[in-house]
>>> print(open('target_39.tsv').read())   # TSV, C-alpha atoms
chain	number	residue	atom	x	y	z
A	1	VAL	CA	25.71	-140.06	78.43
A	2	TYR	CA	25.61	-137.24	80.97
A	3	ARG	CA	22.85	-135.50	78.98
A	4	THR	CA	20.79	-138.68	78.96
A	5	LEU	CA	21.21	-139.13	82.72
A	6	TRP	CA	20.24	-135.50	83.32
A	7	GLN	CA	17.14	-135.87	81.17
A	8	LYS	CA	16.14	-139.01	83.11
A	9	ASP	CA	16.64	-137.15	86.40
A	10	VAL	CA	14.49	-134.26	85.20
A	11	ARG	CA	11.74	-136.67	84.15
A	12	ARG	CA	11.94	-138.44	87.52
A	13	THR	CA	11.69	-135.10	89.37
A	14	ARG	CA	8.84	-134.02	87.10
A	15	THR	CA	6.95	-137.22	87.91
A	16	MET	CA	7.40	-136.70	91.64
A	17	SER	CA	6.26	-133.05	91.59
A	18	LYS	CA	2.69	-132.29	92.57
A	19	TYR	CA	0.81	-129.05	92.18
A	20	ALA	CA	-2.29	-127.26	93.46
A	21	PHE	CA	-4.22	-124.16	92.52
A	22	GLY	CA	-5.45	-121.68	95.12
A	23	VAL	CA	-8.36	-119.41	94.18
A	24	ASP	CA	-9.56	-116.33	96.10
A	25	VAL	CA	-12.85	-114.95	94.79
A	26	GLY	CA	-13.34	-111.23	95.38
A	27	GLY	CA	-16.02	-108.78	94.35
A	28	THR	CA	-13.81	-107.14	91.71
A	29	THR	CA	-11.16	-109.71	90.82
A	30	VAL	CA	-10.43	-113.39	91.30
A	31	LYS	CA	-6.88	-114.09	92.45
A	32	LEU	CA	-5.31	-117.39	91.44
A	33	GLY	CA	-2.05	-119.05	92.40
A	34	LEU	CA	-0.15	-122.13	91.28
A	35	PHE	CA	1.69	-123.89	94.12
A	36	ASN	CA	3.98	-126.86	94.41
A	37	ASP	CA	3.44	-129.41	97.17
A	38	GLU	CA	6.06	-127.69	99.36
A	39	GLY	CA	3.93	-124.56	99.60
A	40	GLN	CA	5.89	-122.41	97.18
A	41	VAL	CA	3.91	-120.14	94.90
A	42	LEU	CA	5.14	-120.70	91.35
A	43	ASP	CA	2.84	-118.25	89.59
A	44	LYS	CA	-0.02	-115.93	90.49
A	45	TRP	CA	-2.42	-113.88	88.42
A	46	GLU	CA	-5.88	-112.30	88.42
A	47	ILE	CA	-8.99	-112.39	86.28
A	48	PRO	CA	-12.00	-110.06	86.53
A	49	THR	CA	-15.02	-111.14	88.56
A	50	VAL	CA	-17.87	-111.00	86.05
A	51	LYS	CA	-20.98	-110.52	88.18
A	52	ASP	CA	-23.55	-110.34	85.38
A	53	ASN	CA	-26.58	-112.65	85.64
A	54	GLY	CA	-25.98	-113.64	89.24
A	55	GLY	CA	-22.27	-114.30	88.75
A	56	GLU	CA	-22.95	-117.28	86.48
A	57	LYS	CA	-19.65	-116.85	84.60
A	58	VAL	CA	-17.36	-116.70	87.64
A	59	LEU	CA	-16.74	-120.43	88.07
A	60	PRO	CA	-16.52	-121.21	84.32
A	61	ASP	CA	-13.98	-118.36	84.00
A	62	ILE	CA	-11.95	-119.79	86.90
A	63	ALA	CA	-11.99	-123.27	85.40
A	64	ALA	CA	-10.91	-121.95	82.00
A	65	SER	CA	-8.09	-119.92	83.55
A	66	ILE	CA	-6.80	-122.94	85.49
A	67	LYS	CA	-6.88	-125.15	82.40
A	68	ASN	CA	-5.03	-122.51	80.39
A	69	LYS	CA	-2.35	-122.31	83.07
A	70	MET	CA	-2.02	-126.09	83.15
A	71	GLN	CA	-1.48	-126.09	79.40
A	72	GLU	CA	1.01	-123.23	79.64
A	73	LYS	CA	3.01	-125.00	82.36
A	74	ASN	CA	2.61	-128.47	80.82
A	75	ILE	CA	0.82	-129.78	83.94
A	76	THR	CA	-1.41	-132.82	83.56
A	77	ALA	CA	-4.31	-133.90	85.76
A	78	ALA	CA	-2.04	-136.62	87.16
A	79	ASP	CA	0.34	-133.88	88.38
A	80	LEU	CA	-2.45	-131.98	90.12
A	81	VAL	CA	-3.41	-132.63	93.75
A	82	GLY	CA	-6.43	-130.37	93.55
A	83	VAL	CA	-7.96	-126.92	93.58
A	84	GLY	CA	-8.95	-124.93	96.65
A	85	ILE	CA	-11.27	-121.92	96.55
A	86	GLY	CA	-12.21	-119.25	99.06
A	87	ALA	CA	-15.35	-117.17	98.59
A	88	PRO	CA	-16.95	-114.20	100.41
A	89	GLY	CA	-19.80	-115.94	102.19
A	90	ALA	CA	-20.57	-118.67	104.69
A	91	VAL	CA	-19.25	-122.01	103.41
A	92	ASN	CA	-19.83	-125.15	105.45
A	93	ALA	CA	-17.38	-128.00	105.96
A	94	GLU	CA	-18.69	-129.80	102.87
A	95	GLY	CA	-17.99	-126.81	100.60
A	96	PHE	CA	-21.62	-125.69	100.35
A	97	MET	CA	-22.34	-121.94	100.31
A	98	VAL	CA	-25.03	-121.63	102.96
A	99	ASN	CA	-26.22	-118.07	102.40
A	100	GLY	CA	-24.56	-117.28	99.09
A	101	ALA	CA	-22.21	-114.40	98.28
A	102	VAL	CA	-24.28	-111.24	97.96
A	103	ASN	CA	-21.55	-109.03	96.48
A	104	ILE	CA	-21.14	-111.48	93.58
A	105	GLY	CA	-24.78	-112.37	93.13
A	106	TRP	CA	-24.48	-116.01	94.14
A	107	GLY	CA	-27.20	-117.80	96.04
A	108	SER	CA	-26.83	-120.97	98.09
A	109	PHE	CA	-25.22	-123.83	96.17
A	110	ASP	CA	-22.49	-126.47	96.34
A	111	LEU	CA	-19.45	-124.38	95.49
A	112	ALA	CA	-16.89	-127.20	95.57
A	113	GLU	CA	-18.93	-129.63	93.49
A	114	THR	CA	-19.92	-126.97	90.93
A	115	LEU	CA	-16.31	-125.92	90.36
A	116	LYS	CA	-15.30	-129.59	90.05
A	117	LYS	CA	-17.88	-130.05	87.30
A	118	GLU	CA	-16.63	-126.96	85.49
A	119	LEU	CA	-13.04	-128.21	85.66
A	120	ASP	CA	-14.04	-131.68	84.44
A	121	LEU	CA	-10.82	-133.10	85.89
A	122	PRO	CA	-10.31	-136.08	88.22
A	123	VAL	CA	-8.95	-133.92	91.04
A	124	THR	CA	-10.01	-132.88	94.55
A	125	VAL	CA	-11.82	-129.55	94.91
A	126	LYS	CA	-12.37	-127.97	98.33
A	127	ALA	CA	-14.04	-124.69	99.26
A	128	GLY	CA	-14.15	-122.39	102.28
A	129	ASN	CA	-15.09	-118.95	103.48
A	130	ASP	CA	-12.48	-116.43	102.33
A	131	ALA	CA	-11.57	-115.18	105.84
A	132	ASN	CA	-11.22	-118.75	107.15
A	133	VAL	CA	-9.13	-119.70	104.14
A	134	ALA	CA	-6.88	-116.65	104.64
A	135	ALA	CA	-6.38	-117.73	108.26
A	136	LEU	CA	-5.28	-121.15	107.04
A	137	GLY	CA	-2.84	-119.46	104.68
A	138	GLU	CA	-1.28	-117.41	107.49
A	139	MET	CA	-0.89	-120.57	109.58
A	140	TRP	CA	0.66	-122.48	106.70
A	141	GLN	CA	3.15	-119.98	105.28
A	142	GLY	CA	2.54	-116.63	106.99
A	143	GLY	CA	2.61	-114.87	110.35
A	144	GLY	CA	1.29	-117.96	112.14
A	145	LYS	CA	3.71	-120.45	110.62
A	146	GLY	CA	4.80	-122.99	113.21
A	147	TYR	CA	1.52	-122.84	115.15
A	148	SER	CA	-1.47	-125.15	114.81
A	149	ASN	CA	-3.95	-123.21	117.00
A	150	LEU	CA	-4.44	-119.62	115.95
A	151	VAL	CA	-6.95	-116.86	115.37
A	152	ALA	CA	-6.45	-114.64	112.33
A	153	VAL	CA	-8.02	-111.20	112.58
A	154	THR	CA	-8.48	-108.93	109.56
A	155	LEU	CA	-8.95	-105.27	110.43
A	156	GLY	CA	-10.21	-103.78	107.18
A	157	THR	CA	-13.48	-102.09	106.24
A	158	GLY	CA	-14.98	-104.59	108.68
A	159	VAL	CA	-13.45	-107.07	111.09
A	160	GLY	CA	-12.99	-110.54	109.65
A	161	GLY	CA	-11.74	-113.60	111.43
A	162	GLY	CA	-10.69	-117.18	110.97
A	163	ILE	CA	-10.07	-119.77	113.69
A	164	ILE	CA	-7.71	-122.69	113.22
A	165	ILE	CA	-7.77	-125.54	115.74
A	166	ASP	CA	-5.25	-128.37	115.47
A	167	GLY	CA	-4.42	-127.18	111.96
A	168	ARG	CA	-8.04	-127.28	110.78
A	169	ILE	CA	-10.52	-124.50	110.06
A	170	LEU	CA	-13.28	-124.12	112.64
A	171	THR	CA	-16.21	-123.92	110.23
A	172	GLY	CA	-19.27	-124.31	112.41
A	173	THR	CA	-22.71	-125.64	111.48
A	174	ASN	CA	-23.52	-122.90	108.95
A	175	GLY	CA	-20.02	-121.93	107.92
A	176	ALA	CA	-20.19	-118.91	110.22
A	177	GLY	CA	-17.40	-119.96	112.58
A	178	GLY	CA	-14.87	-117.19	113.15
A	179	GLU	CA	-17.21	-114.22	112.60
A	180	ILE	CA	-15.50	-112.38	115.44
A	181	GLY	CA	-16.35	-108.96	114.01
A	182	HIS	CA	-19.90	-109.46	115.21
A	183	ILE	CA	-19.16	-110.22	118.83
A	184	HIS	CA	-21.41	-107.92	120.84
A	185	ILE	CA	-19.13	-105.56	122.72
A	186	GLU	CA	-21.08	-102.38	123.53
A	187	ASP	CA	-24.61	-102.18	124.95
A	188	ALA	CA	-24.87	-98.39	124.64
A	189	GLU	CA	-24.37	-98.27	120.85
A	190	THR	CA	-27.17	-96.57	118.92
A	191	GLU	CA	-25.84	-96.98	115.39
A	192	THR	CA	-26.55	-100.19	113.46
A	193	CYS	CA	-23.81	-102.50	112.21
A	194	GLY	CA	-23.91	-103.92	108.68
A	195	CYS	CA	-25.19	-107.18	110.16
A	196	LYS	CA	-28.25	-105.25	111.50
A	197	ASN	CA	-27.22	-105.64	115.15
A	198	LYS	CA	-25.79	-102.88	117.32
A	199	GLY	CA	-22.58	-102.72	119.32
A	200	CYS	CA	-20.54	-105.19	117.25
A	201	LEU	CA	-16.75	-105.29	117.59
A	202	GLU	CA	-16.40	-104.28	113.95
A	203	GLN	CA	-18.02	-100.92	114.75
A	204	TYR	CA	-14.94	-99.98	116.82
A	205	ALA	CA	-11.97	-102.06	115.66
A	206	SER	CA	-12.24	-101.87	111.86
A	207	ALA	CA	-10.79	-99.05	109.77
A	208	THR	CA	-14.22	-97.43	109.65
A	209	GLY	CA	-14.62	-98.12	113.37
A	210	VAL	CA	-11.42	-96.25	114.22
A	211	THR	CA	-12.69	-93.33	112.14
A	212	ARG	CA	-15.97	-93.42	114.06
A	213	LEU	CA	-14.15	-93.41	117.40
A	214	ALA	CA	-11.98	-90.51	116.24
A	215	ASN	CA	-14.91	-88.39	115.10
A	216	ARG	CA	-16.73	-89.00	118.36
A	217	ARG	CA	-13.66	-88.10	120.41
A	218	LEU	CA	-12.98	-84.92	118.43
A	219	ALA	CA	-16.60	-83.83	118.88
A	220	LYS	CA	-16.38	-84.31	122.65
A	221	ASP	CA	-14.30	-81.19	123.35
A	222	ASP	CA	-11.82	-78.75	121.84
A	223	ALA	CA	-8.62	-80.45	122.98
A	224	PRO	CA	-5.83	-79.67	120.48
A	225	SER	CA	-4.93	-82.42	118.02
A	226	VAL	CA	-3.22	-82.72	114.65
A	227	LEU	CA	-6.32	-84.64	113.59
A	228	ARG	CA	-8.48	-81.51	113.60
A	229	GLY	CA	-9.15	-80.01	110.20
A	230	GLY	CA	-7.66	-82.90	108.23
A	231	GLU	CA	-8.63	-86.27	106.87
A	232	ILE	CA	-9.70	-88.73	109.54
A	233	SER	CA	-8.79	-92.37	108.91
A	234	ALA	CA	-7.21	-95.26	110.76
A	235	LYS	CA	-3.90	-94.32	109.14
A	236	THR	CA	-3.99	-90.67	110.17
A	237	VAL	CA	-5.02	-91.66	113.70
A	238	PHE	CA	-2.11	-94.06	114.17
A	239	ASP	CA	0.32	-91.69	112.45
A	240	ALA	CA	-0.74	-89.12	115.06
A	241	VAL	CA	-0.31	-91.71	117.82
A	242	LYS	CA	3.27	-92.29	116.69
A	243	ALA	CA	3.82	-88.52	116.77
A	244	GLY	CA	2.63	-88.40	120.40
A	245	ASP	CA	-0.71	-86.67	119.83
A	246	LYS	CA	-2.65	-87.01	123.11
A	247	VAL	CA	-6.13	-87.12	121.55
A	248	ALA	CA	-5.01	-89.74	119.04
A	249	ILE	CA	-3.55	-91.80	121.88
A	250	GLU	CA	-6.92	-91.68	123.67
A	251	ILE	CA	-8.58	-92.97	120.49
A	252	ALA	CA	-6.03	-95.77	120.19
A	253	GLU	CA	-6.60	-96.71	123.82
A	254	GLN	CA	-10.33	-96.97	123.24
A	255	PHE	CA	-9.78	-99.01	120.06
A	256	GLY	CA	-7.42	-101.32	121.97
A	257	GLU	CA	-9.82	-101.70	124.86
A	258	TYR	CA	-12.60	-102.89	122.55
A	259	LEU	CA	-10.42	-105.17	120.45
A	260	GLY	CA	-8.52	-106.62	123.40
A	261	LYS	CA	-11.79	-107.42	125.17
A	262	GLY	CA	-13.25	-109.01	122.03
A	263	LEU	CA	-10.19	-111.18	121.45
A	264	ALA	CA	-10.23	-112.25	125.09
A	265	VAL	CA	-13.77	-113.54	124.56
A	266	VAL	CA	-12.51	-115.58	121.60
A	267	ALA	CA	-9.49	-116.85	123.52
A	268	ASN	CA	-11.62	-117.99	126.44
A	269	VAL	CA	-13.47	-120.28	124.03
A	270	VAL	CA	-10.78	-121.59	121.66
A	271	ASP	CA	-7.50	-121.01	123.62
A	272	PRO	CA	-5.20	-120.11	120.68
A	273	GLN	CA	-1.42	-120.05	120.72
A	274	ILE	CA	-1.31	-116.86	118.67
A	275	PHE	CA	-3.40	-114.04	117.21
A	276	VAL	CA	-2.30	-112.99	113.73
A	277	ILE	CA	-3.45	-109.45	112.87
A	278	GLY	CA	-3.84	-108.38	109.24
A	279	GLY	CA	-5.85	-105.97	107.11
A	280	GLY	CA	-5.37	-102.27	106.42
A	281	VAL	CA	-5.28	-101.20	110.07
A	282	SER	CA	-2.41	-103.63	110.71
A	283	LYS	CA	-0.18	-101.43	108.55
A	284	ALA	CA	0.23	-99.30	111.67
A	285	GLY	CA	2.60	-102.06	112.78
A	286	ASP	CA	3.58	-103.45	116.18
A	287	ILE	CA	2.33	-100.31	117.94
A	288	LEU	CA	-1.16	-101.86	117.76
A	289	PHE	CA	-0.17	-104.48	120.30
A	290	LYS	CA	0.71	-101.80	122.85
A	291	TYR	CA	-2.98	-100.86	122.94
A	292	ILE	CA	-4.56	-104.29	122.44
A	293	GLU	CA	-2.62	-106.42	124.92
A	294	PRO	CA	-3.46	-104.58	128.20
A	295	SER	CA	-7.20	-105.02	127.67
A	296	TYR	CA	-6.69	-108.55	126.39
A	297	LYS	CA	-4.70	-109.65	129.42
A	298	LYS	CA	-7.15	-107.95	131.76
A	299	CYS	CA	-10.11	-109.87	130.32
A	300	ALA	CA	-8.64	-113.23	129.23
A	301	PHE	CA	-8.88	-116.35	131.37
A	302	GLY	CA	-5.61	-117.16	133.16
A	303	PRO	CA	-3.92	-119.70	130.85
A	304	CYS	CA	-5.12	-117.79	127.76
A	305	LYS	CA	-3.26	-114.62	128.76
A	306	GLN	CA	-0.05	-116.11	127.32
A	307	ALA	CA	-1.27	-116.07	123.71
A	308	LYS	CA	1.15	-114.28	121.40
A	309	PHE	CA	0.35	-111.47	118.96
A	310	ALA	CA	1.92	-111.16	115.51
A	311	LEU	CA	1.32	-109.30	112.28
A	312	ALA	CA	0.10	-111.15	109.19
A	313	THR	CA	2.76	-111.42	106.49
A	314	LEU	CA	1.02	-112.71	103.36
A	315	GLY	CA	-1.06	-109.59	102.66
A	316	ASN	CA	-3.47	-109.97	99.76
A	317	ASP	CA	-2.00	-113.38	98.94
A	318	ALA	CA	-3.25	-115.03	102.14
A	319	GLY	CA	-6.39	-116.21	100.36
A	320	ILE	CA	-4.64	-118.07	97.54
A	321	TYR	CA	-2.17	-119.62	99.99
A	322	GLY	CA	-4.99	-120.81	102.24
A	323	ALA	CA	-7.03	-122.09	99.33
A	324	ALA	CA	-4.08	-124.16	98.12
A	325	ALA	CA	-3.59	-125.42	101.68
A	326	LEU	CA	-7.15	-126.78	101.64
A	327	VAL	CA	-5.97	-129.49	99.25
A	328	LEU	CA	-2.27	-129.73	100.10
A	329	LYS	CA	-2.41	-130.03	103.89
>>> encode(input="target_39.tsv", output="structure tokens")
Amino acid sequence: VYRTLWQKDVRRTRTMSKYAFGVDVGGTTVKLGLFNDEGQVLDKWEIPTVKDNGGEKVLPDIAASIKNKMQEKNITAADLVGVGIGAPGAVNAEGFMVNGAVNIGWGSFDLAETLKKELDLPVTVKAGNDANVAALGEMWQGGGKGYSNLVAVTLGTGVGGGIIIDGRILTGTNGAGGEIGHIHIEDAETETCGCKNKGCLEQYASATGVTRLANRRLAKDDAPSVLRGGEISAKTVFDAVKAGDKVAIEIAEQFGEYLGKGLAVVANVVDPQIFVIGGGVSKAGDILFKYIEPSYKKCAFGPCKQAKFALATLGNDAGIYGAAALVLK
């Protein structure tokens, strides 16, 4: 009798459970995650991003991988809320890739609808830009949990950003909302940014930007520094800052001045509760805020000065969390 009751309870729980898949498309691998409707990741895995012939196999491979996982976990279409996908390119609010994803070979097309056709399942499919989707993930289950208005900033090879207002991604007309790395911040810059403009925030606040600032500072004079004669990177700069190196501290101050000013510009427009900082440079830790906040508070409009700063916590999983949130929230 007890076994029969337990089996009935399991079946009842199984019927009530709902699931979603989160997909994060990268240039080398596609990350996938299976989530329950409470936001818990139940499984995560990767498949290679096959970029041959304009990336034509990427979406079929994703669909096949999801179907295989459903079979493995005994999940039916009725159990599935939907599939969310983040991709490296501008994606508008309808899930259409406006300018394609160059590093995969994709052109402009309806990403959400195409994946839905590949899945051939009666489920919701939603798509977004990968940085925006990662921001949604950090709001949902990461460093911004508990807040509904936030700006997520990724300090990696470039500077990525995602803006969440009232719990929703700020997409913009062309899917380019949140491209904070290309805020113009320096009129005197002579080098060209990857976007073809000059003086973008990403040229000073990214990992490569910190390296550029360091090389320029070291070339300025012969002031002693542990940075001389060794590898120059964002990590070595902030390691030197923690060790009290005066030249490294000057570099960090310049980095913080640029980034604080850029984030103040964003805050004056969208008035977030919190900035969540992720990416490789964020591995330096809370010491970043010591250099960012003075410039931020100097430049931000009065009420916006109270915005909090926090480190991202989901790391490389932010994309799959945010993609799942597209269909679960």
>>> closest_atom_pairs(input="target_39.tsv", of="stretch 66-104 of chain A", to="stretch 160-182 of chain A", cutoff="8 Å", atoms="only C-alpha atoms", output="CSV")
residue,atom,partner,partner_atom,distance
A:Ala90,CA,A:Gly175,CA,4.6
A:Val91,CA,A:Gly175,CA,4.6
A:Asn92,CA,A:Gly175,CA,4.1
A:Ala93,CA,A:Thr171,CA,6.0
A:Met97,CA,A:Gly175,CA,8.0
A:Val98,CA,A:Asn174,CA,6.3
>>> write_last_selection(input="target_39.tsv", atoms="C-alpha atoms", output="PDB file, keeping the file's coordinate frame")
ATOM      1  CA  ALA A  90     -20.570-118.670 104.690  1.00  0.00           C
ATOM      2  CA  VAL A  91     -19.250-122.010 103.410  1.00  0.00           C
ATOM      3  CA  ASN A  92     -19.830-125.150 105.450  1.00  0.00           C
ATOM      4  CA  ALA A  93     -17.380-128.000 105.960  1.00  0.00           C
ATOM      5  CA  MET A  97     -22.340-121.940 100.310  1.00  0.00           C
ATOM      6  CA  VAL A  98     -25.030-121.630 102.960  1.00  0.00           C
TER       7      VAL A  98
END
>>> residues_around(input="target_39.tsv", residues="A:Thr28", least_positions_apart="2", cutoff="7 Å", atoms="only C-alpha atoms", output="ChimeraX atom specification")
/A:26,48-49
>>> residues_around(input="target_39.tsv", residues="A:Leu311", least_positions_apart="5", cutoff="12 Å", atoms="all atoms listed in the file", output="VMD selection string")
chain A and resid 138 to 139 142 to 145 151 to 155 274 to 289
>>> closest_residue(input="target_39.tsv", among="A:Ile62, A:Ala223, A:Ala134, A:Ala87", to="A:Lys116", atoms="only C-alpha atoms")
A:Ile62
>>> closest_residue(input="target_39.tsv", among="A:Leu227, A:Val327, A:Asp187, A:Leu150", to="A:Pro272", atoms="all atoms listed in the file")
A:Leu150
>>> axis_aligned_box(input="target_39.tsv", around="stretch 116-132 of chain A", padding_each_side="3 Å", output="AutoDock Vina command-line options")
--center_x -13.4 --center_y -125.6 --center_z 95.8 --size_x 14.9 --size_y 26.9 --size_z 28.7
>>> residues_around(input="target_39.tsv", residues="A:Thr211", least_positions_apart="5", cutoff="9 Å", atoms="all atoms listed in the file", output="ChimeraX atom specification")
/A:204,206,216,232-234,237
>>> write_last_selection(input="target_39.tsv", atoms="C-alpha atoms", output="PDB file, keeping the file's coordinate frame")
ATOM      1  CA  TYR A 204     -14.940 -99.980 116.820  1.00  0.00           C
ATOM      2  CA  SER A 206     -12.240-101.870 111.860  1.00  0.00           C
ATOM      3  CA  ARG A 216     -16.730 -89.000 118.360  1.00  0.00           C
ATOM      4  CA  ILE A 232      -9.700 -88.730 109.540  1.00  0.00           C
ATOM      5  CA  SER A 233      -8.790 -92.370 108.910  1.00  0.00           C
ATOM      6  CA  ALA A 234      -7.210 -95.260 110.760  1.00  0.00           C
ATOM      7  CA  VAL A 237      -5.020 -91.660 113.700  1.00  0.00           C
TER       8      VAL A 237
END
>>> closest_residue(input="target_39.tsv", among="A:Asn53, A:Asp120, A:Val30, A:Ser225", to="A:Gly244", atoms="only C-alpha atoms")
A:Ser225
>>> closest_residue(input="target_39.tsv", among="A:Asn316, A:Leu34, A:Leu42, A:Glu257", to="A:Asn68", atoms="only C-alpha atoms")
A:Leu34
>>> residues_around(input="target_39.tsv", residues="stretch 263-265 of chain A", least_positions_apart="4", cutoff="6 Å", atoms="only C-alpha atoms", output="list in words")
Tyr296, Cys299 and Ala300 of chain A
>>> residues_near_point(input="target_39.tsv", point="(-17.1, -84.5, 112.7)", cutoff="12 Å", atoms="all atoms listed in the file", output="PDB file with C-alpha atoms, keeping the file's coordinate frame")
ATOM      1  CA  THR A 211     -12.690 -93.330 112.140  1.00  0.00           C
ATOM      2  CA  ARG A 212     -15.970 -93.420 114.060  1.00  0.00           C
ATOM      3  CA  LEU A 213     -14.150 -93.410 117.400  1.00  0.00           C
ATOM      4  CA  ALA A 214     -11.980 -90.510 116.240  1.00  0.00           C
ATOM      5  CA  ASN A 215     -14.910 -88.390 115.100  1.00  0.00           C
ATOM      6  CA  ARG A 216     -16.730 -89.000 118.360  1.00  0.00           C
ATOM      7  CA  ARG A 217     -13.660 -88.100 120.410  1.00  0.00           C
ATOM      8  CA  LEU A 218     -12.980 -84.920 118.430  1.00  0.00           C
ATOM      9  CA  ALA A 219     -16.600 -83.830 118.880  1.00  0.00           C
ATOM     10  CA  LYS A 220     -16.380 -84.310 122.650  1.00  0.00           C
ATOM     11  CA  ASP A 221     -14.300 -81.190 123.350  1.00  0.00           C
ATOM     12  CA  LEU A 227      -6.320 -84.640 113.590  1.00  0.00           C
ATOM     13  CA  ARG A 228      -8.480 -81.510 113.600  1.00  0.00           C
ATOM     14  CA  GLY A 229      -9.150 -80.010 110.200  1.00  0.00           C
ATOM     15  CA  GLY A 230      -7.660 -82.900 108.230  1.00  0.00           C
ATOM     16  CA  GLU A 231      -8.630 -86.270 106.870  1.00  0.00           C
ATOM     17  CA  ILE A 232      -9.700 -88.730 109.540  1.00  0.00           C
TER      18      ILE A 232
END
>>> closest_residue(input="target_39.tsv", among="A:Gly209, A:Asn36, A:Ala252, A:Lys31", to="A:Ser65", atoms="all atoms listed in the file")
A:Lys31
>>> residues_around(input="target_39.tsv", residues="stretch 105-109 of chain A", least_positions_apart="4", cutoff="7 Å", atoms="all atoms listed in the file", output="list in words")
Lys51, Gly54, Gly55, Phe96, Met97, Val98, Asn99, Gly100 and Ala101 of chain A
>>> atom_distance(input="target_39.tsv", atom1="atom CA of A:Ala63", atom2="atom CA of A:Thr313")
28.3 Å
>>> atom_distance(input="target_39.tsv", atom1="atom CA of A:Gly89", atom2="atom CA of A:Cys304")
29.5 Å
>>> atom_distance(input="target_39.tsv", atom1="atom CA of A:Gly22", atom2="atom CA of A:Val50")
18.7 Å
